[in-house]
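Asker: Mind looking over this structure? Questions follow.
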Amino acid sequence: MKKIIELISDEMKNAFEQAGYARELGKVTLSNRPDLCEYQCNGAMAGAKQYKKAPIMIAGDVAAKLADSKVFERAEAVAPGFLNLILRKEFVGEYIRDMRADSKYGLEEVQAPAKIVIDYGGPNVAKPLHVGHLRSAIIGESIKRIARYMGHKVVGDIHLGDWGQPMGLIMNELRVRKPKLVYFDEDYAGAYPAEPPFTIAELEEIYPFASKRSKEDEAYKADAMACTFKLQSGVRGYRALWDHIIAVSVADLKKNYERLNVDFDLWNGESAVHDLIPQMVDAMRAGGYAYVSEGALVVDVKQETDTKEVPPCMILKSDGAALYNTTDLATIMMRMEVEQPDRIIYVVDKRQELYFEQVFRCARKTKLVQEDTELRFLGFGTMNGKDGKPFKTREGGVMRLESLIQEINDEMFRKIKESRETTDEEAAATAQVVGLAALKYGDLSNQASKDYIFDIDRFTSSEGDTGPYVLYTIVRIKSILAKYAENGGDVQAVCGGIKAPVNDSEKQLMMELAKYNASVEAACEEYAPHRICAYIYDLANAFNHFYHETKILAEEDDSRKAGWIALLVLTRDVLETSIGLLGFSAPERM
Ligand code: ARG
């Protein structure tokens with residue numbers, strides 16, 4: 001379906017043409033003065049010079065052509081030359097009826113779907129998920145869902161950190177603690193045990209311990225690096241031990257992401273490209289791109305137009321070891337081979353922006369990608385505490401994701417118990433659903449690149465621009481529909497019968513609904529889930545206003561009542577589809 005703003009502009013453009021002026025002048029925008037009109041057109045002002053006429057005269061000519069318009073109830077020329085516009089109720093009602101009949105509520109899928117890989121999540125094996133990983137997961141998941149809904153072919157890849165120095169640190173510490181483990185016996189030729197020699201809790205304790213010690217103890221650090229080297233060069237026992245680390249860690253990660261309603265098509269890690277590195281390095285050397293500098297293999301990526309220093313991209317360290325760069329470049333190579341994407345999007349902390357600039361330039365220069373392959377870095381800001389500093393626990397440590405979710409759920413649970421009689425069990429289940437909405441909406445409603453303040457009280461509030469507010473609105477609609485059915489109404493039978501609005505708040509609600517296709521499209525084009533948040537917030541407000549002004553169930557005119565029920569069903573469907581794009585859902589009751 002065309003966007004409502006396009007239909008309105010078309011009508012206005014026709015009027016300009018009929019009055020003898022250029023069509024392009026008939027561009028319509030939302031009103032700057034909602035107290036005076038709904039939409040406006042400033043084309044007469046723009047045309048004054050060209051036609052050597054006072055704008056008000058042009059506006060008057062155009063308004064005259066709109067006297068019998070099927071779109072505008074009123075098109076009024078006002079000084080100094082604006083056209084103030086009020087839409088016809090029938091026109092709005094018809095648009096909403098068409099929206100109802102359309103499978104995506106008037107949204108048209110893209111004409112040329114792109115193949116897109118989204119790299120998001122990016123957790124590191126054997127390290128607990130912390131709040132930094134939360135943003136990547138929440139934002140990436142939403143962008144993936146939006147792009148898919150628009151018709152693109154999207155593959156989400158978690159890009160596990162599973163191959164670098166942390167792996168060596170863990171293995172080395174295991175060797176120190178349990179030297180008798182068969183994995184470290186280089187003469188051992190038998191099969192390795194199927195059971196891992198540690199639990200996830202042990203793993204998570206080992207990494208920070210080993211990391212700290214390696215900073216204080218050179219010999220220890222050297223041992224850890226030797227372990228990394230053994231793993232990367234394929235020593236049997238180290239590979240077997242690493243397999244256990246991955247299995248234990250991935251099982252735990254899956255559980256955590258499931259709770260967040262986040263899922264990945266690919267669970268590839270940095271390790272997945274290990275075997276591709278030699279061939280990539282050879283090609284970079286053969287192409288004359290890579291050279292040895294101070295022992296390391298590098299590719300220059302600076303450009304004349306750079307205003308700041310862009311260091312060379314390091315491909316191999318002097319000891320021949322691969323780096324974060326190396327695996328990222330080889331991953332691009334693999335993705336080009338396997339997925340052949342038109343676009344690769346990285347949803348990563350914005351502090352890695354320069355790093356990705358280097359990687360992208362290097363990938364282009366060394367021809368890992370095609371000229372028209374788009375590499376896109378979407379950097380997100382930091383989640384801060386109320387003190388404006390990166391979010392910490394009360395004790396000052398790094399906040400684990402699990403604890404953060406727990407805190408939100410506990411607060412939600414408390415609010416639910418306070419507001420109504422329920423069992424603990426039901427309240428806990430609802431708190432989980434609403435808590436996730438609070439967390440995700442709190443994040444997604446900000447422009448992703450900005451830092452934001454994590455504020456539990458505000459995020460969990462049922463009033464204002466919050467997830468729970470949107471959910472309350474949906475639950476309210478569901479409860480009205482349930483009552484209508486209880487009183488003998490048939491929701492299914494009436495839901496196609498949307499009518500022209502009879503009052504102002506109903507018309508407002510319809511005009512908000514009508515912005516659906518434009519909002520989702522903008523969210524996709526700009527990689528901006530916050531556009532959908534803004535849309536549903538306005539929509540929820542318009543609905544609640546309508547609800548307070550209108551006695552829906554007590555209405556005596558059955559046909560009018562049925563029309564309202566149909567409008568409610570559409571509002572619910574649009575809201576639920578929208579929150580689905582954001583990655584959360586609504587409960588039946590709150
Ligand atoms: N594991 C990385 C980290 O925790 C994030 C990975 C981002 N993605 C990428 N392709 N480098 O910082």
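Going by the structure tokens order, chains are called A, B, ..., each with residues numbered from 1, while ligands are numbered from 1 in the order shown.
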Do a neighbour search on Glu521 in chain A at 12 Å with only C-alpha atoms, toss out local chain neighbours closer than 2 positions, and write the hits as a PyMOL selection string.
Answerer: chain A and resi 3+104+106-110+143+146-151+515-519+523-529+531-532+535
Asker: With only C-alpha atoms and all ligand atoms counted, collect every polymer residue having an atom within 6 Å of ligand 1; state the result as an NGL selection string.
Answerer: :A and (122-124 or 159 or 161 or 328 or 348)
Asker: Write the selection just made, keeping C-alpha atoms, as a compact mmCIF listing (two decimals), in the first residue's frame?
Answerer:
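File result.txt, as written:
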# COMPACT_ATOMS: atom_id res chain seq x y z
CA GLY A 122 29.80 -11.50 20.14
CA PRO A 123 30.13 -13.17 23.56
CA ASN A 124 33.43 -14.66 24.64
CA HIS A 159 30.76 -14.60 16.12
CA GLY A 161 35.19 -15.14 20.84
CA ASP A 328 37.67 -11.00 11.52
CA VAL A 348 29.44 -3.80 18.23
Asker: Using only C-alpha atoms, which residue out of A:Ile116, A:Met1, A:Ile480, A:Ala44 lies closest to Ala22 in chain A?
Answerer: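 Among A:Ile116, A:Met1, A:Ile480, A:Ala44, it is A:Ala44 that comes nearest to Ala22 in chain A.
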Asker: CA of Pro197 in chain A and CA of Pro179 in chain A, how far apart in Å?
Answerer: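 Computing it gives 11.9 Å between the two atoms.
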Asker: Set out as a tab-separated table a contact list for range 219-326 of chain A and range 349-367 of chain A with a cut-off of 8 Å, giving each residue of range 219-326 of chain A that qualifies its closest atom pair and distance in Å to one decimal, counting only C-alpha atoms, ordered by chain and rising residue number.
Answerer:
residue	atom	partner	partner_atom	distance
A:Met284	CA	A:Thr366	CA	6.2
A:Gly287	CA	A:Thr366	CA	7.4
A:Tyr289	CA	A:Thr366	CA	6.5
A:Val299	CA	A:Cys362	CA	6.8
A:Asp300	CA	A:Cys362	CA	7.7
A:Val301	CA	A:Arg361	CA	5.9
A:Val310	CA	A:Gln358	CA	7.3
A:Pro311	CA	A:Gln358	CA	7.7
A:Pro312	CA	A:Gln358	CA	7.4
A:Cys313	CA	A:Gln358	CA	5.9
A:Asn325	CA	A:Val359	CA	6.7
Asker: Report as a VMD selection string all protein, DNA and RNA residues lying within 12 Å of Tyr452 in chain A, evaluated on only C-alpha atoms, omitting residues in the same chain fewer than 3 positions from it.
Answerer: chain A and resid 135 380 to 391 442 to 449 455 459
Asker: Residues of range 4-148 of chain A in strand (DSSP E or B) according to DSSP, as a ChimeraX atom specification?
Answerer: /A:28-30,39-41,72-78,82-87,115-119,124,130
Asker: Keeping only N, CA, C and O atoms, write the selected residues to a file as a CSV table (one decimal), in the first residue's frame.
Answerer:
chain,number,residue,atom,x,y,z
A,28,VAL,N,3.4,17.4,1.1
A,28,VAL,CA,2.7,17.6,2.3
A,28,VAL,C,3.5,17.1,3.5
A,28,VAL,O,4.2,16.0,3.4
A,29,THR,N,3.4,17.7,4.6
A,29,THR,CA,4.1,17.2,5.8
A,29,THR,C,3.1,17.2,7.0
A,29,THR,O,2.1,17.8,6.9
A,30,LEU,N,3.5,16.5,8.1
A,30,LEU,CA,2.7,16.6,9.3
A,30,LEU,C,2.7,18.0,9.8
A,30,LEU,O,3.6,18.8,9.6
A,39,TYR,N,-2.3,18.2,8.8
A,39,TYR,CA,-1.1,18.2,7.9
A,39,TYR,C,-1.0,19.6,7.3
A,39,TYR,O,-1.9,20.4,7.4
A,40,GLN,N,0.1,19.9,6.6
A,40,GLN,CA,0.2,21.2,6.0
A,40,GLN,C,1.1,21.1,4.7
A,40,GLN,O,1.8,20.1,4.5
A,41,CYS,N,0.9,22.1,3.9
A,41,CYS,CA,1.7,22.1,2.7
A,41,CYS,C,2.3,23.5,2.5
A,41,CYS,O,1.5,24.5,2.7
A,72,PHE,N,-9.3,15.7,1.6
A,72,PHE,CA,-9.3,16.8,2.6
A,72,PHE,C,-10.8,17.2,2.9
A,72,PHE,O,-11.5,17.5,2.0
A,73,GLU,N,-11.0,17.3,4.2
A,73,GLU,CA,-12.3,17.8,4.6
A,73,GLU,C,-12.2,19.3,4.5
A,73,GLU,O,-13.1,20.0,4.2
A,74,ARG,N,-10.9,19.8,4.8
A,74,ARG,CA,-10.7,21.2,4.7
A,74,ARG,C,-9.3,21.5,4.2
A,74,ARG,O,-8.3,20.8,4.7
A,75,ALA,N,-9.1,22.3,3.2
A,75,ALA,CA,-7.8,22.8,2.8
A,75,ALA,C,-7.9,24.3,2.7
A,75,ALA,O,-8.6,24.9,1.9
A,76,GLU,N,-7.2,24.9,3.7
A,76,GLU,CA,-7.4,26.3,3.9
A,76,GLU,C,-6.2,27.1,3.7
A,76,GLU,O,-5.1,26.7,4.2
A,77,ALA,N,-6.3,28.1,2.9
A,77,ALA,CA,-5.1,29.0,2.6
A,77,ALA,C,-5.0,30.0,3.7
A,77,ALA,O,-6.0,30.7,4.0
A,78,VAL,N,-3.9,30.0,4.5
A,78,VAL,CA,-3.8,31.0,5.5
A,78,VAL,C,-2.5,31.8,5.4
A,78,VAL,O,-1.5,31.3,4.8
A,82,PHE,N,0.4,29.5,3.7
A,82,PHE,CA,0.4,28.0,4.1
A,82,PHE,C,-1.0,27.4,3.7
A,82,PHE,O,-2.0,28.1,3.6
A,83,LEU,N,-0.9,26.1,3.4
A,83,LEU,CA,-2.2,25.4,3.3
A,83,LEU,C,-2.4,24.5,4.5
A,83,LEU,O,-1.5,23.6,4.7
A,84,ASN,N,-3.4,24.8,5.3
A,84,ASN,CA,-3.6,24.0,6.5
A,84,ASN,C,-4.7,22.9,6.1
A,84,ASN,O,-5.7,23.2,5.5
A,85,LEU,N,-4.4,21.7,6.5
A,85,LEU,CA,-5.2,20.6,6.0
A,85,LEU,C,-5.8,19.7,7.1
A,85,LEU,O,-5.1,19.4,8.1
A,86,ILE,N,-7.0,19.4,6.9
A,86,ILE,CA,-7.7,18.4,7.8
A,86,ILE,C,-8.2,17.3,6.9
A,86,ILE,O,-8.8,17.6,5.8
A,87,LEU,N,-8.0,16.1,7.3
A,87,LEU,CA,-8.4,14.9,6.5
A,87,LEU,C,-9.9,14.6,6.6
A,87,LEU,O,-10.5,14.8,7.7
A,115,LYS,N,20.8,-9.8,0.5
A,115,LYS,CA,21.3,-10.9,1.4
A,115,LYS,C,22.2,-10.2,2.4
A,115,LYS,O,23.2,-9.6,2.1
A,116,ILE,N,21.8,-10.3,3.7
A,116,ILE,CA,22.5,-9.6,4.8
A,116,ILE,C,23.0,-10.5,5.8
A,116,ILE,O,22.2,-11.4,6.3
A,117,VAL,N,24.2,-10.4,6.2
A,117,VAL,CA,24.7,-11.1,7.4
A,117,VAL,C,24.8,-10.1,8.6
A,117,VAL,O,25.4,-9.0,8.4
A,118,ILE,N,24.2,-10.4,9.7
A,118,ILE,CA,24.4,-9.5,10.8
A,118,ILE,C,25.2,-10.2,11.9
A,118,ILE,O,25.0,-11.3,12.3
A,119,ASP,N,26.3,-9.5,12.2
A,119,ASP,CA,27.3,-10.0,13.2
A,119,ASP,C,26.9,-9.4,14.5
A,119,ASP,O,27.1,-8.1,14.7
A,124,ASN,N,32.2,-13.9,24.6
A,124,ASN,CA,33.4,-14.7,24.6
A,124,ASN,C,33.3,-15.9,25.5
A,124,ASN,O,32.7,-15.9,26.6
A,130,HIS,N,28.1,-10.0,30.1
A,130,HIS,CA,27.9,-8.8,30.9
A,130,HIS,C,27.1,-7.8,30.1
A,130,HIS,O,26.7,-8.1,29.0
Asker: Mind checking which residues fall within 9 Å of Arg100 in chain A, counting only C-alpha atoms, ignoring those fewer than 4 positions away in the same chain, and posting them as a list in words?
Answerer: Tyr95, Ile96, Lys104, Tyr105, Gly106, Cys495, Gly496, Ile498, Ala566, Leu567 and Leu570 of chain A
Asker: For the residues selected in the previous step, produce a file with N, CA and C atoms as an mmCIF file, in the first residue's frame.
Answerer:
data_model
loop_
_atom_site.group_PDB
_atom_site.id
_atom_site.type_symbol
_atom_site.label_atom_id
_atom_site.label_comp_id
_atom_site.auth_asym_id
_atom_site.auth_seq_id
_atom_site.Cartn_x
_atom_site.Cartn_y
_atom_site.Cartn_z
ATOM 1 N N TYR A 95 -8.531 4.097 4.580
ATOM 2 C CA TYR A 95 -7.114 3.704 4.627
ATOM 3 C C TYR A 95 -6.908 2.610 5.689
ATOM 4 N N ILE A 96 -7.548 2.806 6.836
ATOM 5 C CA ILE A 96 -7.388 1.844 7.929
ATOM 6 C C ILE A 96 -8.063 0.508 7.576
ATOM 7 N N LYS A 104 0.464 -7.328 5.815
ATOM 8 C CA LYS A 104 1.448 -6.625 6.651
ATOM 9 C C LYS A 104 0.983 -5.210 6.974
ATOM 10 N N TYR A 105 -0.294 -5.053 7.132
ATOM 11 C CA TYR A 105 -0.871 -3.771 7.562
ATOM 12 C C TYR A 105 -0.388 -2.602 6.705
ATOM 13 N N GLY A 106 -0.326 -2.848 5.403
ATOM 14 C CA GLY A 106 0.008 -1.756 4.497
ATOM 15 C C GLY A 106 1.488 -1.605 4.201
ATOM 16 N N CYS A 495 -14.179 -8.217 12.952
ATOM 17 C CA CYS A 495 -12.901 -7.508 12.929
ATOM 18 C C CYS A 495 -12.525 -6.915 11.569
ATOM 19 N N GLY A 496 -13.226 -7.286 10.508
ATOM 20 C CA GLY A 496 -12.938 -6.650 9.221
ATOM 21 C C GLY A 496 -13.697 -5.339 9.028
ATOM 22 N N ILE A 498 -14.045 -2.165 9.924
ATOM 23 C CA ILE A 498 -13.652 -0.841 10.414
ATOM 24 C C ILE A 498 -14.441 0.233 9.660
ATOM 25 N N ALA A 566 -13.429 -3.691 15.900
ATOM 26 C CA ALA A 566 -12.533 -3.962 14.775
ATOM 27 C C ALA A 566 -11.288 -3.080 14.858
ATOM 28 N N LEU A 567 -11.481 -1.840 15.234
ATOM 29 C CA LEU A 567 -10.343 -0.919 15.369
ATOM 30 C C LEU A 567 -9.405 -1.380 16.492
ATOM 31 N N LEU A 570 -7.263 -4.300 15.328
ATOM 32 C CA LEU A 570 -6.149 -3.857 14.477
ATOM 33 C C LEU A 570 -5.047 -3.195 15.318
#
Asker: Can you work out the spacing between CA of Leu241 in chain A and CA of Pro193 in chain A in Å, to one decimal?
Answerer: 9.7 Å
Asker: So the first atom is CA of Gly81 in chain A and the second is CA of Lys13 in chain A; what is the distance between them in Å, to one decimal place?
Answerer: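 Taking CA of Gly81 in chain A and CA of Lys13 in chain A, their separation equals 16.1 Å.
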Asker: If you count only C-alpha atoms, which residues fall within 12 Å of Pro587 in chain A, apart from same-chain ones fewer than 4 positions away, as a PyMOL selection string?
Answerer: chain A and resi 426-437+468+470-479+576+579
Asker: List the spatial neighbours of Leu568 in chain A as JSON, numbers by chain - criterion: any atom at most 8 Å away, only C-alpha atoms, same-chain residues fewer than 3 positions off excluded.
Answerer: {"A": [477, 481, 564, 565, 571, 572]}
Asker: Any chance you could export the current selection's all heavy atoms as a PDB file, in the first residue's frame?
Answerer:
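The result, stored in again_12.pdb:
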ATOM      1  N   ILE A 477      -6.418  -3.623  25.781  1.00  0.00           N
ATOM      2  CA  ILE A 477      -7.211  -3.942  24.586  1.00  0.00           C
ATOM      3  C   ILE A 477      -7.698  -5.392  24.659  1.00  0.00           C
ATOM      4  O   ILE A 477      -8.869  -5.683  24.419  1.00  0.00           O
ATOM      5  CB  ILE A 477      -6.382  -3.733  23.294  1.00  0.00           C
ATOM      6  CG1 ILE A 477      -5.978  -2.270  23.164  1.00  0.00           C
ATOM      7  CG2 ILE A 477      -7.174  -4.189  22.066  1.00  0.00           C
ATOM      8  CD1 ILE A 477      -5.060  -1.958  21.984  1.00  0.00           C
ATOM      9  N   LEU A 481     -11.593  -6.767  24.559  1.00  0.00           N
ATOM     10  CA  LEU A 481     -12.044  -7.763  23.574  1.00  0.00           C
ATOM     11  C   LEU A 481     -12.611  -8.999  24.269  1.00  0.00           C
ATOM     12  O   LEU A 481     -13.620  -9.569  23.840  1.00  0.00           O
ATOM     13  CB  LEU A 481     -10.893  -8.155  22.642  1.00  0.00           C
ATOM     14  CG  LEU A 481     -10.348  -7.031  21.736  1.00  0.00           C
ATOM     15  CD1 LEU A 481      -9.131  -7.498  20.947  1.00  0.00           C
ATOM     16  CD2 LEU A 481     -11.428  -6.517  20.783  1.00  0.00           C
ATOM     17  N   TRP A 564     -15.759  -0.232  16.424  1.00  0.00           N
ATOM     18  CA  TRP A 564     -14.707   0.054  17.407  1.00  0.00           C
ATOM     19  C   TRP A 564     -13.937  -1.213  17.769  1.00  0.00           C
ATOM     20  O   TRP A 564     -12.720  -1.176  17.941  1.00  0.00           O
ATOM     21  CB  TRP A 564     -15.318   0.699  18.651  1.00  0.00           C
ATOM     22  CG  TRP A 564     -15.690   2.134  18.429  1.00  0.00           C
ATOM     23  CD1 TRP A 564     -15.185   2.954  17.449  1.00  0.00           C
ATOM     24  CD2 TRP A 564     -16.623   2.912  19.176  1.00  0.00           C
ATOM     25  NE1 TRP A 564     -15.744   4.197  17.546  1.00  0.00           N
ATOM     26  CE2 TRP A 564     -16.636   4.218  18.598  1.00  0.00           C
ATOM     27  CE3 TRP A 564     -17.449   2.666  20.268  1.00  0.00           C
ATOM     28  CZ2 TRP A 564     -17.436   5.240  19.082  1.00  0.00           C
ATOM     29  CZ3 TRP A 564     -18.245   3.677  20.759  1.00  0.00           C
ATOM     30  CH2 TRP A 564     -18.245   4.958  20.175  1.00  0.00           C
ATOM     31  N   ILE A 565     -14.674  -2.295  17.927  1.00  0.00           N
ATOM     32  CA  ILE A 565     -13.995  -3.560  18.255  1.00  0.00           C
ATOM     33  C   ILE A 565     -13.003  -3.904  17.145  1.00  0.00           C
ATOM     34  O   ILE A 565     -11.862  -4.300  17.402  1.00  0.00           O
ATOM     35  CB  ILE A 565     -15.025  -4.700  18.449  1.00  0.00           C
ATOM     36  CG1 ILE A 565     -15.873  -4.453  19.702  1.00  0.00           C
ATOM     37  CG2 ILE A 565     -14.349  -6.067  18.529  1.00  0.00           C
ATOM     38  CD1 ILE A 565     -15.092  -4.379  21.011  1.00  0.00           C
ATOM     39  N   THR A 571      -5.468  -2.368  16.269  1.00  0.00           N
ATOM     40  CA  THR A 571      -4.481  -1.705  17.132  1.00  0.00           C
ATOM     41  C   THR A 571      -3.658  -2.739  17.898  1.00  0.00           C
ATOM     42  O   THR A 571      -2.433  -2.652  17.971  1.00  0.00           O
ATOM     43  CB  THR A 571      -5.188  -0.753  18.121  1.00  0.00           C
ATOM     44  OG1 THR A 571      -6.048   0.107  17.389  1.00  0.00           O
ATOM     45  CG2 THR A 571      -4.197   0.078  18.891  1.00  0.00           C
ATOM     46  N   ARG A 572      -4.354  -3.737  18.436  1.00  0.00           N
ATOM     47  CA  ARG A 572      -3.641  -4.802  19.148  1.00  0.00           C
ATOM     48  C   ARG A 572      -2.663  -5.514  18.203  1.00  0.00           C
ATOM     49  O   ARG A 572      -1.507  -5.719  18.537  1.00  0.00           O
ATOM     50  CB  ARG A 572      -4.648  -5.823  19.705  1.00  0.00           C
ATOM     51  CG  ARG A 572      -3.985  -7.014  20.393  1.00  0.00           C
ATOM     52  CD  ARG A 572      -4.902  -8.235  20.444  1.00  0.00           C
ATOM     53  NE  ARG A 572      -5.222  -8.726  19.104  1.00  0.00           N
ATOM     54  CZ  ARG A 572      -6.171  -9.612  18.834  1.00  0.00           C
ATOM     55  NH1 ARG A 572      -6.931 -10.090  19.807  1.00  0.00           N
ATOM     56  NH2 ARG A 572      -6.393 -10.011  17.594  1.00  0.00           N
TER      57      ARG A 572
END
Asker: Of the candidates A:Arg177, A:Lys215, A:Glu258, A:Arg236, which one gets nearest to Ala191 in chain A if we count only C-alpha atoms?
Answerer: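 Looking only at the distances to Ala191 in chain A, the closest residue turns out to be A:Arg236.
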Asker: Please run DSSP on the backbone and report, as a PyMOL selection string, all residues within range 174-342 of chain A that come out as alpha helix (DSSP H).
Answerer: chain A and resi 174-177+200-216+218-232+236-259+277-286+324-338
Asker: Could you list, as number ranges by chain, every residue within 10 Å of Leu329 in chain A, counting only C-alpha atoms and ignoring same-chain residues fewer than 2 positions away?
Answerer: A: 273, 277, 280, 315, 323-327, 331-335, 359-360, 362-363, 366, 368
